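Structure file my_file.txt (compact mmCIF, C-alpha atoms and all ligand atoms) is printed below.
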# COMPACT_ATOMS: atom_id res chain seq x y z
CA MET A 1 -13.55 27.42 0.26
CA ILE A 2 -12.55 24.55 -2.00
CA GLN A 3 -12.49 21.28 -0.09
CA LYS A 4 -10.87 17.93 -0.83
CA GLN A 5 -12.87 15.44 -2.89
CA ARG A 6 -15.07 12.88 -1.10
CA GLY A 7 -13.11 9.71 -0.40
CA THR A 8 -9.67 11.33 -0.50
CA ILE A 9 -7.36 12.01 2.42
CA ASP A 10 -4.75 14.61 3.34
CA ILE A 11 -1.74 13.14 5.13
CA LEU A 12 -0.35 15.95 7.25
CA PRO A 13 2.98 16.48 9.04
CA GLY A 14 2.94 14.38 12.20
CA GLU A 15 1.13 11.61 10.36
CA SER A 16 3.39 11.55 7.30
CA GLU A 17 6.31 10.47 9.54
CA VAL A 18 4.27 7.41 10.54
CA TRP A 19 3.53 6.66 6.88
CA GLN A 20 7.24 6.89 6.05
CA TRP A 21 8.12 4.61 8.95
CA MET A 22 5.51 2.07 7.82
CA GLU A 23 6.60 2.22 4.18
CA ASN A 24 10.28 1.83 5.10
CA LYS A 25 9.55 -1.22 7.25
CA ILE A 26 7.62 -2.75 4.34
CA LYS A 27 10.37 -1.97 1.81
CA GLU A 28 13.06 -3.37 4.12
CA THR A 29 11.14 -6.65 4.35
CA ALA A 30 10.64 -6.78 0.56
CA ALA A 31 14.39 -6.26 0.08
CA LEU A 32 15.04 -9.40 2.17
CA TYR A 33 13.07 -11.31 -0.45
CA GLY A 34 15.01 -9.73 -3.34
CA TYR A 35 12.25 -7.43 -4.64
CA SER A 36 13.08 -4.32 -6.71
CA GLU A 37 10.84 -1.30 -7.09
CA ILE A 38 8.93 -0.56 -10.29
CA ARG A 39 7.39 2.91 -10.78
CA LEU A 40 4.64 3.24 -13.31
CA PRO A 41 2.23 5.84 -14.70
CA THR A 42 -0.87 6.80 -12.71
CA PHE A 43 -3.08 6.54 -15.80
CA GLU A 44 -3.22 3.94 -18.54
CA SER A 45 -5.52 3.18 -21.46
CA SER A 46 -8.95 2.02 -20.25
CA GLU A 47 -8.53 -1.02 -22.48
CA LEU A 48 -5.72 -2.32 -20.23
CA TYR A 49 -8.02 -2.61 -17.22
CA LYS A 50 -10.99 -3.92 -19.22
CA ARG A 51 -8.85 -6.76 -20.57
CA GLY A 52 -6.65 -7.17 -17.51
CA VAL A 53 -8.94 -6.77 -14.52
CA GLY A 54 -11.96 -8.05 -16.47
CA GLU A 55 -15.18 -6.66 -17.95
CA THR A 56 -17.37 -8.41 -15.35
CA SER A 57 -15.52 -7.22 -12.24
CA ASP A 58 -17.06 -4.53 -10.00
CA VAL A 59 -13.89 -2.49 -10.49
CA VAL A 60 -14.38 -2.24 -14.27
CA GLN A 61 -18.17 -2.17 -14.29
CA LYS A 62 -18.75 0.39 -11.54
CA GLU A 63 -15.64 1.87 -10.04
CA MET A 64 -13.22 3.15 -12.66
CA TYR A 65 -12.32 6.83 -13.00
CA SER A 66 -12.32 6.98 -16.79
CA PHE A 67 -12.31 9.98 -19.09
CA GLU A 68 -11.58 10.93 -22.67
CA ASP A 69 -8.42 12.97 -23.12
CA ASN A 70 -8.03 15.75 -25.69
CA ASP A 71 -7.18 13.17 -28.36
CA ARG A 72 -10.43 11.33 -27.59
CA ARG A 73 -8.60 8.34 -26.13
CA SER A 74 -10.25 6.59 -23.20
CA ILE A 75 -7.96 6.92 -20.20
CA THR A 76 -8.40 5.43 -16.70
CA LEU A 77 -6.81 6.39 -13.39
CA ARG A 78 -5.17 3.20 -12.12
CA PRO A 79 -7.67 1.22 -9.99
CA GLU A 80 -4.97 -1.35 -9.05
CA GLY A 81 -1.34 -2.16 -9.83
CA THR A 82 -1.14 -5.62 -11.39
CA ALA A 83 -2.38 -4.83 -14.91
CA GLY A 84 0.05 -1.89 -15.27
CA VAL A 85 3.00 -3.98 -14.06
CA VAL A 86 2.16 -6.72 -16.57
CA ARG A 87 1.86 -4.11 -19.34
CA SER A 88 5.26 -2.70 -18.43
CA VAL A 89 6.94 -6.11 -18.13
CA ILE A 90 5.79 -6.95 -21.67
CA GLU A 91 6.48 -3.50 -23.15
CA ASN A 92 9.99 -3.24 -21.71
CA GLY A 93 11.06 -6.76 -22.66
CA LEU A 94 11.44 -7.86 -19.01
CA ALA A 95 9.48 -10.99 -19.84
CA SER A 96 12.50 -12.37 -21.69
CA GLY A 97 14.97 -11.54 -18.88
CA ALA A 98 16.11 -13.55 -15.86
CA MET A 99 13.30 -15.37 -14.05
CA PRO A 100 11.82 -15.26 -11.50
CA LEU A 101 11.35 -11.51 -11.67
CA PRO A 102 10.25 -10.05 -8.28
CA LEU A 103 8.86 -6.48 -8.40
CA TYR A 104 7.20 -4.20 -5.85
CA TYR A 105 5.34 -0.89 -6.02
CA LEU A 106 3.98 1.77 -3.68
CA ILE A 107 1.13 3.51 -5.45
CA SER A 108 -2.10 5.39 -5.10
CA CYS A 109 -5.15 3.79 -6.72
CA PHE A 110 -8.52 5.22 -7.63
CA ARG A 111 -11.91 3.52 -7.34
CA TYR A 112 -15.32 5.16 -7.28
CA GLU A 113 -16.58 3.42 -4.14
CA LYS A 114 -18.79 4.45 -1.23
CA PRO A 115 -16.28 5.95 1.21
CA GLU A 116 -16.25 4.62 4.79
CA ALA A 117 -13.61 3.71 7.37
CA GLY A 118 -10.89 1.80 5.49
CA ARG A 119 -12.51 2.38 2.10
CA SER A 120 -11.72 5.48 0.07
CA ARG A 121 -11.73 6.65 -3.54
CA GLU A 122 -8.03 7.37 -3.66
CA PHE A 123 -6.14 4.84 -1.56
CA TYR A 124 -2.58 3.63 -1.21
CA GLN A 125 -1.30 0.16 -1.95
CA PHE A 126 1.96 -1.63 -1.42
CA GLY A 127 1.97 -4.47 -3.93
CA VAL A 128 4.29 -7.15 -5.24
CA GLU A 129 4.26 -9.16 -8.46
CA GLN A 130 6.55 -12.06 -9.18
CA PHE A 131 6.82 -13.51 -12.67
CA GLY A 132 8.25 -16.73 -14.08
CA ALA A 133 7.60 -19.34 -11.38
CA GLU A 134 4.68 -21.73 -11.55
CA ASN A 135 5.69 -23.93 -8.63
CA PRO A 136 3.75 -23.69 -5.33
CA ALA A 137 7.11 -22.71 -3.77
CA ALA A 138 6.58 -19.29 -5.42
CA ASP A 139 3.09 -18.98 -3.93
CA ALA A 140 4.49 -19.80 -0.50
CA ASN A 141 7.38 -17.35 -0.86
CA VAL A 142 5.06 -14.49 -1.87
CA ILE A 143 2.64 -15.29 0.96
CA SER A 144 5.57 -15.50 3.37
CA LEU A 145 6.66 -11.99 2.35
CA GLY A 146 3.17 -10.66 3.18
CA TYR A 147 3.23 -12.54 6.47
CA ASP A 148 6.67 -11.16 7.41
CA ILE A 149 5.62 -7.60 6.58
CA PHE A 150 2.75 -7.79 9.07
CA LYS A 151 5.00 -9.48 11.62
CA ASN A 152 7.66 -6.77 11.27
CA LEU A 153 5.00 -4.08 11.70
CA GLY A 154 3.85 -5.82 14.89
CA LEU A 155 0.38 -6.65 13.52
CA ASP A 156 -1.59 -9.82 14.15
CA VAL A 157 -3.27 -11.04 10.99
CA SER A 158 -4.80 -14.31 9.90
CA LEU A 159 -4.33 -15.90 6.49
CA GLU A 160 -7.11 -17.36 4.37
CA ILE A 161 -6.24 -19.33 1.26
CA ASN A 162 -8.24 -20.98 -1.50
CA SER A 163 -7.88 -22.25 -5.05
CA ILE A 164 -10.25 -21.09 -7.77
CA GLY A 165 -9.00 -23.57 -10.35
CA CYS A 166 -7.49 -23.13 -13.80
CA ARG A 167 -8.73 -22.87 -17.39
CA HIS A 168 -9.27 -26.65 -17.38
CA CYS A 169 -11.47 -27.03 -14.30
CA ARG A 170 -13.00 -23.53 -14.18
CA PRO A 171 -15.58 -24.19 -16.98
CA ILE A 172 -17.02 -27.16 -15.06
CA TYR A 173 -17.24 -25.05 -11.92
CA HIS A 174 -18.78 -22.16 -13.86
CA LYS A 175 -21.47 -24.51 -15.14
CA ALA A 176 -22.27 -25.65 -11.59
CA LEU A 177 -22.48 -22.01 -10.45
CA HIS A 178 -24.57 -21.07 -13.46
CA ASP A 179 -27.04 -23.87 -12.75
CA TYR A 180 -27.24 -22.86 -9.09
CA PHE A 181 -27.87 -19.15 -9.74
CA GLU A 182 -30.21 -19.87 -12.67
CA SER A 183 -32.73 -21.20 -10.13
CA CYS A 184 -32.83 -17.85 -8.30
CA LYS A 185 -32.16 -15.53 -11.21
CA ASP A 186 -35.36 -13.49 -10.71
CA ASP A 187 -33.97 -12.25 -7.40
CA LEU A 188 -30.47 -11.35 -8.60
CA CYS A 189 -29.46 -7.71 -9.07
CA GLU A 190 -29.20 -6.43 -12.64
CA THR A 191 -25.39 -6.60 -12.71
CA CYS A 192 -25.39 -10.21 -11.53
CA LEU A 193 -28.07 -11.16 -14.02
CA ASP A 194 -25.65 -9.96 -16.69
CA ARG A 195 -22.81 -11.88 -15.00
CA LEU A 196 -24.80 -15.12 -14.91
CA ASP A 197 -23.90 -16.01 -18.48
CA LYS A 198 -20.64 -14.09 -18.78
CA ASN A 199 -18.88 -14.95 -15.49
CA PRO A 200 -21.02 -16.40 -12.66
CA LEU A 201 -17.96 -16.42 -10.34
CA ARG A 202 -18.36 -12.65 -9.98
CA ILE A 203 -21.82 -13.09 -8.42
CA LEU A 204 -20.01 -14.53 -5.40
CA ASP A 205 -18.48 -11.17 -4.51
CA CYS A 206 -21.52 -8.99 -5.27
CA LYS A 207 -22.14 -6.58 -2.39
CA SER A 208 -25.96 -6.54 -2.76
CA PRO A 209 -27.61 -8.21 0.29
CA VAL A 210 -29.83 -10.54 -1.79
CA CYS A 211 -27.07 -11.80 -4.10
CA SER A 212 -24.65 -12.29 -1.20
CA GLU A 213 -27.30 -14.27 0.71
CA TYR A 214 -27.68 -16.65 -2.27
CA ALA A 215 -23.90 -16.78 -2.65
CA LYS A 216 -23.57 -18.31 0.83
CA ASN A 217 -24.90 -21.68 -0.36
CA ALA A 218 -23.40 -21.66 -3.86
CA PRO A 219 -21.15 -24.54 -5.05
CA LYS A 220 -17.55 -24.16 -3.85
CA THR A 221 -14.54 -23.94 -6.18
CA ILE A 222 -12.57 -26.34 -4.06
CA ASP A 223 -14.99 -29.20 -4.84
CA TYR A 224 -14.38 -28.79 -8.60
CA LEU A 225 -10.58 -28.62 -8.81
CA CYS A 226 -8.77 -30.72 -11.42
CA PRO A 227 -6.00 -33.06 -10.12
CA ASP A 228 -3.24 -30.53 -11.04
CA CYS A 229 -4.94 -27.67 -9.19
CA LYS A 230 -5.63 -29.90 -6.21
CA LYS A 231 -1.97 -30.98 -6.14
CA HIS A 232 -0.86 -27.34 -6.38
CA LEU A 233 -2.98 -26.41 -3.35
CA ASP A 234 -1.82 -29.44 -1.36
CA GLU A 235 1.83 -28.62 -2.05
CA LEU A 236 1.30 -24.98 -1.09
CA LYS A 237 -0.01 -26.17 2.26
CA VAL A 238 3.15 -28.23 2.79
CA TYR A 239 5.30 -25.16 2.09
CA LEU A 240 3.25 -22.96 4.42
CA ASP A 241 3.45 -25.61 7.15
CA ARG A 242 7.23 -25.74 6.72
CA ALA A 243 7.36 -21.92 7.13
CA GLY A 244 5.25 -22.19 10.28
CA ILE A 245 2.62 -19.92 8.71
CA LYS A 246 -0.87 -20.71 9.98
CA TYR A 247 -3.67 -20.56 7.44
CA ASN A 248 -7.30 -21.41 7.02
CA VAL A 249 -8.61 -22.84 3.75
CA ASN A 250 -11.65 -20.68 3.04
CA PRO A 251 -13.59 -21.76 -0.08
CA LYS A 252 -15.46 -18.44 -0.01
CA ILE A 253 -12.39 -16.44 -1.01
CA VAL A 254 -12.73 -15.87 -4.77
CA ARG A 255 -11.26 -12.32 -5.04
CA GLY A 256 -12.96 -9.56 -7.01
CA LEU A 257 -10.70 -9.36 -10.07
CA ASP A 258 -10.96 -11.63 -13.10
CA TYR A 259 -7.30 -12.49 -13.70
CA TYR A 260 -6.81 -14.99 -10.90
CA GLN A 261 -6.18 -18.71 -11.38
CA ARG A 262 -5.44 -21.38 -8.78
CA THR A 263 -4.12 -19.86 -5.53
CA VAL A 264 -5.95 -16.88 -4.05
CA PHE A 265 -5.39 -15.56 -0.55
CA GLU A 266 -6.27 -12.77 1.86
CA PHE A 267 -4.76 -11.51 5.09
CA ILE A 268 -7.44 -10.52 7.57
CA SER A 269 -6.98 -8.08 10.43
CA GLU A 270 -9.24 -8.01 13.46
CA ASP A 271 -8.01 -4.49 14.17
CA ILE A 272 -9.88 -2.70 11.38
CA GLY A 273 -13.49 -3.67 11.99
CA SER A 274 -15.81 -4.98 9.33
CA LYS A 275 -13.65 -4.07 6.33
CA SER A 276 -11.08 -6.52 7.50
CA THR A 277 -9.22 -7.59 4.35
CA ILE A 278 -5.93 -5.83 4.80
CA CYS A 279 -4.17 -7.58 1.89
CA GLY A 280 -5.29 -9.70 -1.02
CA GLY A 281 -3.58 -11.53 -3.83
CA GLY A 282 -3.23 -14.61 -5.92
CA ARG A 283 -1.84 -16.31 -8.98
CA TYR A 284 -2.60 -14.99 -12.48
CA ASP A 285 -0.89 -17.39 -14.87
CA GLY A 286 -2.87 -16.38 -17.99
CA LEU A 287 -2.65 -12.60 -17.63
CA VAL A 288 0.65 -11.90 -19.40
CA GLU A 289 -0.57 -13.81 -22.46
CA GLU A 290 -3.98 -12.12 -22.26
CA LEU A 291 -2.26 -8.73 -22.47
CA GLY A 292 -0.17 -9.70 -25.51
CA GLY A 293 2.96 -11.15 -23.88
CA PRO A 294 4.47 -14.63 -23.78
CA ARG A 295 3.24 -17.48 -21.61
CA LEU A 296 4.55 -16.36 -18.24
CA PRO A 297 3.12 -17.29 -14.85
CA GLY A 298 2.69 -14.62 -12.20
CA ILE A 299 1.63 -14.22 -8.59
CA GLY A 300 1.36 -11.24 -6.27
CA PHE A 301 -0.58 -9.34 -3.65
CA ALA A 302 -1.45 -5.81 -2.64
CA MET A 303 -2.06 -4.42 0.81
CA GLY A 304 -4.21 -1.37 1.46
CA LEU A 305 -1.96 1.02 3.36
CA THR A 306 -4.84 3.07 4.77
CA ARG A 307 -6.06 -0.17 6.35
CA VAL A 308 -2.58 -1.07 7.58
CA MET A 309 -2.43 2.38 9.20
CA LEU A 310 -5.85 1.88 10.84
CA ALA A 311 -4.70 -1.49 12.19
CA LEU A 312 -1.44 -0.02 13.53
CA LYS A 313 -3.39 2.72 15.32
CA SER A 314 -6.00 0.45 16.82
CA ALA A 315 -3.38 -2.11 17.92
CA ASN A 316 -1.25 0.68 19.42
CA LYS A 317 1.82 -0.23 17.36
CA ILE A 318 2.92 3.22 16.27
CA PRO A 319 6.22 4.34 17.79
CA GLU A 320 6.87 7.90 18.98
CA PHE A 321 8.67 10.06 16.42
CA ASP A 322 11.10 12.78 17.41
CA THR A 323 11.02 15.48 14.75
CA ALA A 324 11.99 18.34 17.08
CA PRO A 325 15.06 20.40 16.08
CA ALA A 326 18.24 19.73 18.02
CA LEU A 327 18.85 23.47 18.32
CA TYR A 328 17.08 26.74 17.61
CA ILE A 329 19.30 29.78 17.00
CA ALA A 330 17.52 32.99 17.92
CA SER A 331 18.97 36.22 16.61
CA MET A 332 18.65 39.97 16.98
CA GLY A 333 19.54 42.10 13.97
CA ASP A 334 20.50 41.38 10.37
CA SER A 335 24.18 40.45 10.98
CA ALA A 336 23.23 37.97 13.72
CA ARG A 337 20.58 36.39 11.47
CA LEU A 338 23.15 35.98 8.69
CA LYS A 339 25.56 34.32 11.15
CA SER A 340 22.78 32.04 12.49
CA PHE A 341 22.02 30.91 8.92
CA GLU A 342 25.71 30.14 8.33
CA MET A 343 25.88 28.23 11.65
CA SER A 344 22.72 26.23 10.85
CA LEU A 345 24.34 25.03 7.61
CA ALA A 346 27.48 23.96 9.48
CA PHE A 347 25.38 21.94 11.96
CA LYS A 348 23.74 20.06 9.07
CA LYS A 349 27.19 18.69 8.15
CA HIS A 350 27.07 17.00 11.58
CA GLY A 351 23.67 15.52 10.70
CA LEU A 352 21.74 17.84 13.04
CA ASN A 353 18.42 19.52 12.40
CA VAL A 354 19.15 23.10 13.46
CA THR A 355 16.77 25.96 12.71
CA PHE A 356 17.11 29.73 12.95
CA ASP A 357 14.86 32.79 12.74
CA GLN A 358 13.84 33.37 9.13
CA VAL A 359 11.03 35.79 9.94
CA GLY A 360 12.65 38.70 11.82
CA ARG A 361 10.45 38.33 14.91
CA SER A 362 11.02 39.75 18.40
CA LEU A 363 13.24 37.66 20.69
CA LYS A 364 10.19 36.78 22.82
CA ALA A 365 8.29 35.52 19.77
CA GLN A 366 11.35 33.55 18.62
CA MET A 367 11.66 31.78 21.97
CA LYS A 368 7.94 31.00 21.96
CA TYR A 369 8.40 29.45 18.51
CA ALA A 370 11.44 27.43 19.69
CA ASP A 371 9.31 26.09 22.55
CA LYS A 372 6.47 25.16 20.19
CA THR A 373 8.80 23.17 17.92
CA GLY A 374 10.18 21.29 20.95
CA ALA A 375 13.78 22.39 20.16
CA LYS A 376 16.14 20.66 22.59
CA PHE A 377 18.64 23.53 22.85
CA SER A 378 18.56 27.23 22.08
CA LEU A 379 21.19 29.84 21.52
CA VAL A 380 20.72 33.61 21.29
CA LEU A 381 22.89 35.70 18.95
CA GLY A 382 23.02 39.50 19.16
CA ASP A 383 25.63 42.15 18.26
CA SER A 384 27.57 41.57 21.51
CA GLU A 385 27.73 37.78 20.92
CA LEU A 386 28.95 38.34 17.37
CA GLU A 387 31.66 40.69 18.63
CA ALA A 388 32.82 38.37 21.44
CA GLY A 389 32.41 35.19 19.35
CA LYS A 390 30.65 33.64 22.36
CA ALA A 391 27.02 32.80 23.13
CA THR A 392 24.97 30.92 25.73
CA LEU A 393 23.70 27.46 24.84
CA LYS A 394 20.56 26.61 26.80
CA ASN A 395 19.18 23.14 27.45
CA MET A 396 15.45 23.73 27.00
CA ALA A 397 14.41 20.76 29.15
CA ASN A 398 16.28 21.61 32.37
CA GLY A 399 17.23 25.24 31.80
CA GLU A 400 20.99 24.59 32.22
CA THR A 401 23.26 26.95 30.32
CA VAL A 402 26.85 26.82 29.11
CA GLU A 403 29.01 29.34 27.26
CA VAL A 404 30.10 28.26 23.76
CA ASP A 405 32.39 29.54 21.02
CA ILE A 406 30.06 30.31 18.07
CA ASN A 407 32.82 29.48 15.60
CA ASP A 408 33.54 26.05 17.06
CA ILE A 409 30.57 24.05 15.77
CA SER A 410 32.08 20.64 16.68
CA ASP A 411 32.44 21.75 20.30
CA ILE A 412 28.80 22.95 20.41
CA VAL A 413 27.73 19.57 18.97
CA ASP A 414 29.75 17.81 21.71
CA LYS A 415 28.15 19.95 24.40
CA MET A 416 24.66 19.18 23.10
CA GLN A 417 25.33 15.47 22.90
CA ASN A 418 27.05 14.96 26.25
P1 LIG A 501 -7.67 -5.84 -4.25
O1 LIG A 501 -8.20 -6.89 -3.35
O2 LIG A 501 -8.62 -5.17 -5.14
O3 LIG A 501 -6.49 -6.50 -5.07
O4 LIG A 501 -6.95 -4.73 -3.38
C1 LIG A 501 -5.91 -5.08 -2.51
C2 LIG A 501 -6.07 -4.36 -1.18
O5 LIG A 501 -6.20 -2.96 -1.40
C3 LIG A 501 -7.33 -4.72 -0.40
O6 LIG A 501 -7.13 -5.90 0.35
C4 LIG A 501 -7.51 -3.53 0.48
O7 LIG A 501 -6.67 -3.63 1.63
C5 LIG A 501 -7.02 -2.39 -0.38
N1 LIG A 501 -8.15 -1.68 -1.00
C6 LIG A 501 -8.88 -2.04 -2.07
N2 LIG A 501 -9.83 -1.13 -2.34
C7 LIG A 501 -9.71 -0.17 -1.40
C8 LIG A 501 -10.39 1.07 -1.13
N3 LIG A 501 -11.38 1.50 -1.90
N4 LIG A 501 -9.99 1.81 -0.07
C9 LIG A 501 -8.95 1.40 0.71
N5 LIG A 501 -8.27 0.26 0.50
C10 LIG A 501 -8.64 -0.52 -0.54
C11 LIG A 501 -5.73 -5.85 -5.99
O8 LIG A 501 -5.73 -4.66 -6.14
C12 LIG A 501 -4.78 -6.76 -6.73
N6 LIG A 501 -4.09 -5.96 -7.75
C13 LIG A 501 -3.82 -7.41 -5.77
C14 LIG A 501 -2.86 -8.33 -6.47
C15 LIG A 501 -1.58 -8.05 -6.81
N7 LIG A 501 -3.12 -9.54 -6.89
C16 LIG A 501 -2.06 -10.05 -7.49
N8 LIG A 501 -1.13 -9.15 -7.46

Output the file's structure as structure tokens, nothing else.
Ligand code: HAM
Amino acid sequence: MIQKQRGTIDILPGESEVWQWMENKIKETAALYGYSEIRLPTFESSELYKRGVGETSDVVQKEMYSFEDNDRRSITLRPEGTAGVVRSVIENGLASGAMPLPLYYLISCFRYEKPEAGRSREFYQFGVEQFGAENPAADANVISLGYDIFKNLGLDVSLEINSIGCRHCRPIYHKALHDYFESCKDDLCETCLDRLDKNPLRILDCKSPVCSEYAKNAPKTIDYLCPDCKKHLDELKVYLDRAGIKYNVNPKIVRGLDYYQRTVFEFISEDIGSKSTICGGGRYDGLVEELGGPRLPGIGFAMGLTRVMLALKSANKIPEFDTAPALYIASMGDSARLKSFEMSLAFKKHGLNVTFDQVGRSLKAQMKYADKTGAKFSLVLGDSELEAGKATLKNMANGETVEVDINDISDIVDKMQN
């Protein structure tokens, strides 16, 4: 038997209703902040992610699903959403439209990672990107959207923020990091040894035990910020305070992707165990230019929906869903089945989920099926019912019955609802 690929999930009926509920809640919150959806391709040129996400990131170095297509072009399954959104904003001329431009997406992403609880190879993200606002007010507004989403889902999360500086102060910080790691370079893993000269910041999020032990005492970005970056962070704090959003400044948050500048942040959930980052984001003011567009600041975040789902389950925040049919119409014989089909269509005009026998089973088997689906009412149609135009409507919960006119659908609806 062919089985699903390692690190992928099947979302089955029963669970898909919960996913839809969660996604709708998220989209409703995003709409309150004026965000519109953008839908983009699942694969892009590999070059986009190398330049966008960065050659020294784990994602590009180790985790991309890349392949050559029949035209020998290098293609990559999207490992994240930001680079594709930036590509599309530039390509479709949105960069010269009204600003700020707030966009959201619901996507699946692909990363070749070691699968475990909350970490998979195909995973789902809800993400937002907002372009055209450099002021800390934009950072606060984006963070506030993330905060409200978790609040509306009933989840408790904590917020960690940091600044990783800009193109002015980053080189000084890089030098300090380089000098620090140079002294222990014999112990670093091969990937980090390569990163030492290219981008020592990436050593800070290496997952190898030795490198992460050294990273604990490395110089902190926050001690190397230029006055503008410091002011930006201080103003963001004022905005977050005004929103009543609690945060912790955590100098260890550097994020794993290369495009970030200044503000970076993560929402942490206690409900999903060790892999507790449920949402991560930050500012990427140089990325649009880097990918061939104009100078346009940007900020966004993405939340891992598999992790949001885990948190909802462990915090017991998932409501009950009623997907049972309002009515099951059992039938005996071809004419009765045809009539039950016609009636089921009429009930749909009243907004009711009404099912009928499409298999041609015995009456006993039909009633067993009705029971299994949890149908609230049932009605049996045979030749005599067709002739008389009357049938018996049964309340499946208490067994009560009432005679109904099979041609008066509105009356049957009334009887079911009262
Ligand atoms: P990221 O931190 O790589 O950022 O991913 C964002 C979120 O996706 C993570 O916090 C996590 O919840 C989820 N996630 C990541 N990898 C996996 C995985 N293998 N399995 C399950 N969930 C996962 C980004 O992707 C940026 N594009 C976010 C962003 C948008 N920054 C600015 N704008």

Completion exercise
re atom C3 of ligand LIG 501 (chain A) and atom CA of A:Val264: distance 12.8 Å

Problem - Contact residues around stretch 331-334 of chain A with only C-alpha atoms at 8 Å, ignoring same-chain residues under 4 positions, as an MDAnalysis selection string - result: chainID A and resid 338 340 356:357 360 362:363 380:383

Practice task
For A:Glu290, please output as a VMD selection string all residues within 10 Å (counting only C-alpha atoms; exclusion window: fewer than 6 positions along the same chain).
Solution key: chain A and resid 51 to 52 86 259

Considering only C-alpha atoms and all ligand atoms, give me a table of residues in chain A that are at most 7 Å from ligand LIG 501 (chain A), with the closest atom pair and distance in Å for each, as CSV.
residue,atom,partner,partner_atom,distance
A:Glu80,CA,A:LIG501,O8,4.5
A:Gly81,CA,A:LIG501,N6,5.1
A:Thr82,CA,A:LIG501,N6,4.7
A:Arg111,CA,A:LIG501,N3,5.8
A:Glu113,CA,A:LIG501,N3,6.0
A:Gly118,CA,A:LIG501,C9,5.2
A:Arg119,CA,A:LIG501,N4,3.4
A:Ser120,CA,A:LIG501,N4,4.1
A:Arg121,CA,A:LIG501,N3,5.4
A:Glu122,CA,A:LIG501,N4,6.9
A:Phe123,CA,A:LIG501,C9,5.0
A:Tyr124,CA,A:LIG501,N5,6.8
A:Gln125,CA,A:LIG501,O5,5.8
A:Gly127,CA,A:LIG501,C15,5.8
A:Val128,CA,A:LIG501,C15,6.1
A:Glu129,CA,A:LIG501,N8,5.5
A:Arg255,CA,A:LIG501,O1,6.5
A:Gly256,CA,A:LIG501,O2,6.5
A:Leu257,CA,A:LIG501,O2,6.8
A:Thr277,CA,A:LIG501,O6,4.8
A:Ile278,CA,A:LIG501,O7,3.9
A:Cys279,CA,A:LIG501,O6,3.7
A:Gly280,CA,A:LIG501,O6,4.4
A:Gly281,CA,A:LIG501,N7,3.7
A:Gly282,CA,A:LIG501,C16,5.0
A:Arg283,CA,A:LIG501,C16,6.4
A:Ile299,CA,A:LIG501,C16,5.7
A:Gly300,CA,A:LIG501,N8,3.5
A:Phe301,CA,A:LIG501,C15,3.6
A:Ala302,CA,A:LIG501,C13,4.2
A:Met303,CA,A:LIG501,C2,4.5
A:Gly304,CA,A:LIG501,O7,3.3
A:Leu305,CA,A:LIG501,O7,6.8
A:Thr306,CA,A:LIG501,C9,6.0
A:Arg307,CA,A:LIG501,O7,5.9

Show me, as a tab-separated table, the residues of stretch 316-416 of chain A having an atom within 12 Å of stretch 144-162 of chain A, each with the closest atom pair and its distance in Å, using all atoms listed in the file.
residue	atom	partner	partner_atom	distance
A:Asn316	CA	A:Gly154	CA	9.4
A:Lys317	CA	A:Gly154	CA	6.4
A:Ile318	CA	A:Leu153	CA	8.9
A:Pro319	CA	A:Leu153	CA	10.5

Exercise for the section: Rounded to one decimal place, report the atom CA of A:Phe43-atom CA of A:Leu77 distance in Å. Expected result: 4.4 Å

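The space between atom CA of A:Val60 and atom CA of A:Cys109 spans 13.4 Å.
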
Practice task
Dig up all the protein and nucleic acid residues within 9 Å of (13.9, 23.4, 23.1) in the file frame, using all atoms listed in the file, and format them as an NGL selection string.
Solution key: :A and (324-328 or 367 or 370-378 or 394-397)

Exercise for the section: Have a look at A:Glu37, A:Asp58, A:Asp271, A:Asp258 and name the one nearest to A:Cys192; count only C-alpha atoms. Expected result: A:Asp58

Problem - A:Ile222 environment, 10 Å, all atoms listed in the file, sequence neighbours closer than 4 positions dropped, as a ChimeraX atom specification - result: /A:162-165,173,226,229-230,233,249-252,262

Problem - Selected residue, from A:Thr76, A:Arg337, A:Lys62, A:Leu291, that lies nearest to A:Cys206 when counting all atoms listed in the file - result: A:Lys62

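Using only C-alpha atoms, the protein and nucleic acid residues lying no more than 8 Å from A:Leu204, apart from those fewer than 5 places from it along its own chain, are Cys211, Ser212, Ala215 and Val254 of chain A.
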
Please produce a file of the residues just selected, as a PDB file, in the frame of the given file, where the atoms kept are C-alpha atoms.
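File written: result_19.pdb
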ATOM      1  CA  CYS A 211     -27.070 -11.800  -4.100  1.00  0.00           C
ATOM      2  CA  SER A 212     -24.650 -12.290  -1.200  1.00  0.00           C
ATOM      3  CA  ALA A 215     -23.900 -16.780  -2.650  1.00  0.00           C
ATOM      4  CA  VAL A 254     -12.730 -15.870  -4.770  1.00  0.00           C
TER       5      VAL A 254
END

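Of the listed residues (A:Ile329, A:Asp234, A:Arg242, A:Gly293), A:Ile329 comes nearest to A:Gln366; the distances count all atoms listed in the file.
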
Practice task
Using all atoms listed in the file, find the one residue out of A:Phe126, A:Tyr49, A:Phe347, A:Phe341 that sits nearest to A:Asn24.
Solution key: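 Result for the nearest residue to A:Asn24: A:Phe126.
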
Practice task
Using only C-alpha atoms, determine which residues lie at most 12 Å from A:Lys198, disregarding the query and same-chain residues fewer than 5 positions distant; provide the list as a list of chain:residue names.
Solution key: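 Here the qualifying residues turn out to be A:Gly54, A:Glu55, A:Thr56, A:Ser57, A:Pro171, A:His174, A:Lys175, A:Leu177, A:His178, A:Thr191, A:Cys192, A:Leu193, A:Ile203, A:Asp258.
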